>>> print(open('protein.cif').read())   # mmCIF, C-alpha atoms
data_data
loop_
_atom_site.group_PDB
_atom_site.id
_atom_site.type_symbol
_atom_site.label_atom_id
_atom_site.label_comp_id
_atom_site.auth_asym_id
_atom_site.auth_seq_id
_atom_site.Cartn_x
_atom_site.Cartn_y
_atom_site.Cartn_z
ATOM 1 C CA MET F 1 -10.334 -25.668 -21.035
ATOM 2 C CA ILE F 2 -8.573 -24.487 -24.165
ATOM 3 C CA ILE F 3 -8.655 -20.698 -24.563
ATOM 4 C CA LEU F 4 -7.442 -19.414 -27.927
ATOM 5 C CA GLY F 5 -7.133 -15.769 -28.838
ATOM 6 C CA HIS F 6 -7.540 -14.202 -25.387
ATOM 7 C CA PRO F 7 -5.641 -10.902 -25.311
ATOM 8 C CA ASP F 8 -3.745 -11.912 -22.139
ATOM 9 C CA ILE F 9 -2.620 -15.319 -23.452
ATOM 10 C CA PRO F 10 -0.022 -15.715 -26.233
ATOM 11 C CA PHE F 11 -1.642 -17.301 -29.263
ATOM 12 C CA GLU F 12 -0.648 -18.285 -32.767
ATOM 13 C CA PRO F 13 -3.561 -17.141 -34.958
ATOM 14 C CA LEU F 14 -5.235 -19.562 -37.308
ATOM 15 C CA HIS F 15 -4.036 -19.094 -40.879
ATOM 16 C CA TYR F 16 -6.937 -18.872 -43.309
ATOM 17 C CA VAL F 17 -6.554 -20.703 -46.609
ATOM 18 C CA GLU F 18 -9.012 -21.111 -49.450
ATOM 19 C CA SER F 19 -6.970 -23.523 -51.554
ATOM 20 C CA ILE F 20 -4.301 -26.171 -51.291
ATOM 21 C CA ASP F 21 -1.850 -23.857 -53.092
ATOM 22 C CA GLU F 22 -2.194 -21.235 -50.339
ATOM 23 C CA ILE F 23 -0.910 -23.680 -47.715
ATOM 24 C CA GLU F 24 2.667 -23.136 -48.946
ATOM 25 C CA ARG F 25 2.493 -19.499 -47.788
ATOM 26 C CA THR F 26 1.612 -20.327 -44.178
ATOM 27 C CA PRO F 27 4.049 -20.909 -41.302
ATOM 28 C CA PRO F 28 5.050 -24.588 -41.093
ATOM 29 C CA SER F 29 4.090 -24.863 -37.414
ATOM 30 C CA GLY F 30 0.777 -23.010 -37.725
ATOM 31 C CA THR F 31 -2.771 -24.305 -37.678
ATOM 32 C CA LEU F 32 -4.836 -23.669 -40.786
ATOM 33 C CA TRP F 33 -8.359 -22.248 -40.713
ATOM 34 C CA LEU F 34 -10.478 -23.729 -43.518
ATOM 35 C CA GLY F 35 -13.847 -22.148 -42.675
ATOM 36 C CA PRO F 36 -17.042 -24.212 -43.001
ATOM 37 C CA PHE F 37 -16.274 -27.903 -43.467
ATOM 38 C CA GLY F 38 -18.844 -28.343 -46.238
ATOM 39 C CA GLY F 39 -16.860 -26.124 -48.594
ATOM 40 C CA ALA F 40 -13.418 -27.275 -47.503
ATOM 41 C CA LYS F 41 -13.538 -31.064 -47.780
ATOM 42 C CA GLU F 42 -10.831 -31.236 -50.450
ATOM 43 C CA ILE F 43 -8.446 -29.083 -48.394
ATOM 44 C CA ALA F 44 -9.282 -31.059 -45.240
ATOM 45 C CA ARG F 45 -8.439 -34.292 -47.014
ATOM 46 C CA HIS F 46 -5.138 -32.797 -48.202
ATOM 47 C CA CYS F 47 -4.341 -31.706 -44.635
ATOM 48 C CA TYR F 48 -5.153 -35.203 -43.404
ATOM 49 C CA GLU F 49 -2.871 -36.798 -45.999
ATOM 50 C CA GLN F 50 -0.042 -34.339 -45.279
ATOM 51 C CA ARG F 51 -0.571 -34.323 -41.480
ATOM 52 C CA ILE F 52 -1.160 -30.574 -41.384
ATOM 53 C CA PRO F 53 -3.070 -29.260 -38.346
ATOM 54 C CA TYR F 54 -6.297 -27.484 -39.252
ATOM 55 C CA ALA F 55 -9.568 -26.166 -37.881
ATOM 56 C CA VAL F 56 -13.015 -26.103 -39.470
ATOM 57 C CA MET F 57 -16.503 -24.903 -38.640
ATOM 58 C CA ALA F 58 -19.025 -27.734 -38.323
ATOM 59 C CA GLU F 59 -22.552 -26.766 -39.290
ATOM 60 C CA THR F 60 -23.942 -30.271 -38.743
ATOM 61 C CA ILE F 61 -23.144 -33.357 -36.721
ATOM 62 C CA THR F 62 -22.097 -35.096 -39.948
ATOM 63 C CA ASP F 63 -19.588 -32.299 -40.632
ATOM 64 C CA ALA F 64 -18.027 -32.915 -37.220
ATOM 65 C CA LEU F 65 -17.910 -36.689 -37.668
ATOM 66 C CA LEU F 66 -16.193 -36.354 -41.036
ATOM 67 C CA ALA F 67 -13.798 -33.633 -39.853
ATOM 68 C CA ASN F 68 -12.747 -35.744 -36.890
ATOM 69 C CA THR F 69 -12.178 -38.744 -39.151
ATOM 70 C CA LEU F 70 -9.970 -36.499 -41.317
ATOM 71 C CA HIS F 71 -7.999 -35.578 -38.165
ATOM 72 C CA ALA F 72 -9.080 -31.959 -37.712
ATOM 73 C CA THR F 73 -7.299 -30.403 -34.752
ATOM 74 C CA TYR F 74 -10.228 -28.160 -33.829
ATOM 75 C CA ILE F 75 -13.894 -28.325 -34.742
ATOM 76 C CA LEU F 76 -15.711 -25.059 -34.147
ATOM 77 C CA ALA F 77 -19.460 -24.968 -33.655
ATOM 78 C CA ASP F 78 -22.035 -22.381 -32.649
ATOM 79 C CA ALA F 79 -23.596 -22.258 -29.193
ATOM 80 C CA LYS F 80 -26.538 -24.437 -30.220
ATOM 81 C CA LEU F 81 -24.505 -27.219 -31.858
ATOM 82 C CA ALA F 82 -21.379 -27.215 -29.650
ATOM 83 C CA PRO F 83 -22.940 -29.003 -26.616
ATOM 84 C CA LYS F 84 -24.336 -31.743 -28.887
ATOM 85 C CA LEU F 85 -20.972 -32.185 -30.572
ATOM 86 C CA GLN F 86 -19.184 -32.275 -27.221
ATOM 87 C CA LYS F 87 -21.322 -35.212 -26.076
ATOM 88 C CA ILE F 88 -20.670 -37.038 -29.351
ATOM 89 C CA ALA F 89 -16.944 -36.257 -29.103
ATOM 90 C CA GLU F 90 -16.844 -37.767 -25.616
ATOM 91 C CA THR F 91 -18.835 -40.840 -26.652
ATOM 92 C CA TYR F 92 -16.632 -41.543 -29.664
ATOM 93 C CA LEU F 93 -13.386 -40.278 -28.117
ATOM 94 C CA PHE F 94 -12.692 -37.647 -30.762
ATOM 95 C CA ASP F 95 -9.100 -36.539 -31.111
ATOM 96 C CA ALA F 96 -10.370 -33.159 -32.347
ATOM 97 C CA LYS F 97 -11.264 -30.561 -29.741
ATOM 98 C CA ILE F 98 -14.645 -28.838 -29.881
ATOM 99 C CA LEU F 99 -14.351 -25.053 -29.691
ATOM 100 C CA LEU F 100 -17.037 -22.442 -29.242
ATOM 101 C CA PRO F 101 -16.361 -19.107 -30.984
ATOM 102 C CA ILE F 102 -16.867 -16.227 -28.550
ATOM 103 C CA SER F 103 -16.509 -12.465 -28.664
ATOM 104 C CA ASP F 104 -16.415 -11.667 -24.952
ATOM 105 C CA GLU F 105 -14.666 -13.104 -21.901
ATOM 106 C CA ALA F 106 -18.008 -13.475 -20.107
ATOM 107 C CA GLU F 107 -18.982 -16.207 -22.593
ATOM 108 C CA MET F 108 -16.215 -18.502 -21.324
ATOM 109 C CA GLU F 109 -18.142 -19.351 -18.183
ATOM 110 C CA ALA F 110 -21.150 -20.710 -20.069
ATOM 111 C CA ALA F 111 -18.858 -22.771 -22.312
ATOM 112 C CA ALA F 112 -17.095 -24.185 -19.245
ATOM 113 C CA GLU F 113 -20.406 -25.035 -17.560
ATOM 114 C CA ALA F 114 -21.526 -26.816 -20.737
ATOM 115 C CA GLY F 115 -18.307 -28.857 -20.702
ATOM 116 C CA ILE F 116 -17.086 -27.600 -24.088
ATOM 117 C CA ASP F 117 -13.395 -28.409 -24.726
ATOM 118 C CA GLY F 118 -12.553 -24.771 -25.303
ATOM 119 C CA VAL F 119 -13.274 -21.366 -26.730
ATOM 120 C CA ILE F 120 -11.765 -19.300 -29.494
ATOM 121 C CA TYR F 121 -12.221 -15.578 -29.736
ATOM 122 C CA GLU F 122 -13.872 -14.545 -32.988
ATOM 123 C CA ALA F 123 -11.172 -11.913 -33.431
ATOM 124 C CA ALA F 124 -8.538 -14.671 -33.516
ATOM 125 C CA ILE F 125 -10.426 -16.404 -36.293
ATOM 126 C CA ALA F 126 -10.879 -13.189 -38.262
ATOM 127 C CA ALA F 127 -7.180 -12.374 -37.756
ATOM 128 C CA GLY F 128 -6.366 -15.435 -39.799
ATOM 129 C CA GLU F 129 -8.553 -14.377 -42.728
#
>>> encode(input="protein.cif", output="structure tokens")
Amino acid sequence: MIILGHPDIPFEPLHYVESIDEIERTPPSGTLWLGPFGGAKEIARHCYEQRIPYAVMAETITDALLANTLHATYILADAKLAPKLQKIAETYLFDAKILLPISDEAEMEAAAEAGIDGVIYEAAIAAGE
């Protein structure tokens, strides 16, 4: 299981960008946080073309399918959608990892039992914004 943002585990925060121009001001080895996929398709396509690692929030199955095709590193989804996406990711052998945003360590267990690829603490996402 991938665990991002846990206070006891070193973690490079996601770097939030709202435009292609902002990418220049992020560390070259960092992962970008684009927010909801629906509003970040242009940036996601740029990241795909430039081979820049990025993460997005999928609000629908279609968002996840498109984000994976555009080589997202991480696809975040809420607790209701994440298990559905995980099954699809396994069926279609996604390269992207499905992550469940959490706010408390106790939530990791449920994510693990559901077979989700990993979790990301909400504070680690907010730290990048």
>>> atom_distance(input="protein.cif", atom1="CA of Leu93 (chain F)", atom2="CA of Ile61 (chain F)")
14.7 Å
>>> closest_residue(input="protein.cif", among="F:Ile98, F:Val17, F:Leu70, F:Cys47", to="Leu34 (chain F)", atoms="all atoms listed in the file")
F:Val17
>>> atom_distance(input="protein.cif", atom1="CA of Gly115 (chain F)", atom2="CA of Ala72 (chain F)")
19.6 Å
>>> atom_distance(input="protein.cif", atom1="CA of Leu76 (chain F)", atom2="CA of Ala40 (chain F)")
13.7 Å
>>> resolve_selection(input="protein.cif", expression="the PyMOL selection byres ((chain F and resi 1) around 8)", output="ChimeraX atom specification")
/F:2-3,112,116-119
>>> write_last_selection(input="protein.cif", atoms="C-alpha atoms", output="PDB file, in the frame of the given file")
ATOM      1  CA  ILE F   2      -8.573 -24.487 -24.165  1.00  0.00           C
ATOM      2  CA  ILE F   3      -8.655 -20.698 -24.563  1.00  0.00           C
ATOM      3  CA  ALA F 112     -17.095 -24.185 -19.245  1.00  0.00           C
ATOM      4  CA  ILE F 116     -17.086 -27.600 -24.088  1.00  0.00           C
ATOM      5  CA  ASP F 117     -13.395 -28.409 -24.726  1.00  0.00           C
ATOM      6  CA  GLY F 118     -12.553 -24.771 -25.303  1.00  0.00           C
ATOM      7  CA  VAL F 119     -13.274 -21.366 -26.730  1.00  0.00           C
TER       8      VAL F 119
END
>>> resolve_selection(input="protein.cif", expression="the PyMOL selection byres ((chain F and resi 79) around 9)", output="PDB file with C-alpha atoms, in the coordinates of the input")
ATOM      1  CA  ALA F  77     -19.460 -24.968 -33.655  1.00  0.00           C
ATOM      2  CA  ASP F  78     -22.035 -22.381 -32.649  1.00  0.00           C
ATOM      3  CA  LYS F  80     -26.538 -24.437 -30.220  1.00  0.00           C
ATOM      4  CA  LEU F  81     -24.505 -27.219 -31.858  1.00  0.00           C
ATOM      5  CA  ALA F  82     -21.379 -27.215 -29.650  1.00  0.00           C
ATOM      6  CA  PRO F  83     -22.940 -29.003 -26.616  1.00  0.00           C
ATOM      7  CA  LEU F 100     -17.037 -22.442 -29.242  1.00  0.00           C
ATOM      8  CA  PRO F 101     -16.361 -19.107 -30.984  1.00  0.00           C
ATOM      9  CA  ALA F 111     -18.858 -22.771 -22.312  1.00  0.00           C
TER      10      ALA F 111
END
>>> residues_around(input="protein.cif", residues="His71 (chain F)", least_positions_apart="4", cutoff="12 Å", atoms="all atoms listed in the file", output="list of chain:residue names")
F:Lys41, F:Ala44, F:Arg45, F:His46, F:Cys47, F:Tyr48, F:Glu49, F:Gln50, F:Arg51, F:Ile52, F:Pro53, F:Tyr54, F:Ala55, F:Val56, F:Ala64, F:Leu65, F:Leu66, F:Ala67, F:Ile75, F:Phe94, F:Asp95, F:Ala96, F:Lys97
>>> closest_residue(input="protein.cif", among="F:Tyr74, F:Tyr92, F:Tyr121, F:Trp33", to="His15 (chain F)", atoms="all atoms listed in the file")
F:Trp33
>>> resolve_selection(input="protein.cif", expression="the PyMOL selection byres ((chain F and resi 19) around 9)", output="PDB file with C-alpha atoms, in the coordinates of the input")
ATOM      1  CA  VAL F  17      -6.554 -20.703 -46.609  1.00  0.00           C
ATOM      2  CA  GLU F  18      -9.012 -21.111 -49.450  1.00  0.00           C
ATOM      3  CA  ILE F  20      -4.301 -26.171 -51.291  1.00  0.00           C
ATOM      4  CA  ASP F  21      -1.850 -23.857 -53.092  1.00  0.00           C
ATOM      5  CA  GLU F  22      -2.194 -21.235 -50.339  1.00  0.00           C
ATOM      6  CA  ILE F  23      -0.910 -23.680 -47.715  1.00  0.00           C
ATOM      7  CA  LEU F  34     -10.478 -23.729 -43.518  1.00  0.00           C
ATOM      8  CA  ALA F  40     -13.418 -27.275 -47.503  1.00  0.00           C
ATOM      9  CA  GLU F  42     -10.831 -31.236 -50.450  1.00  0.00           C
ATOM     10  CA  ILE F  43      -8.446 -29.083 -48.394  1.00  0.00           C
TER      11      ILE F  43
END
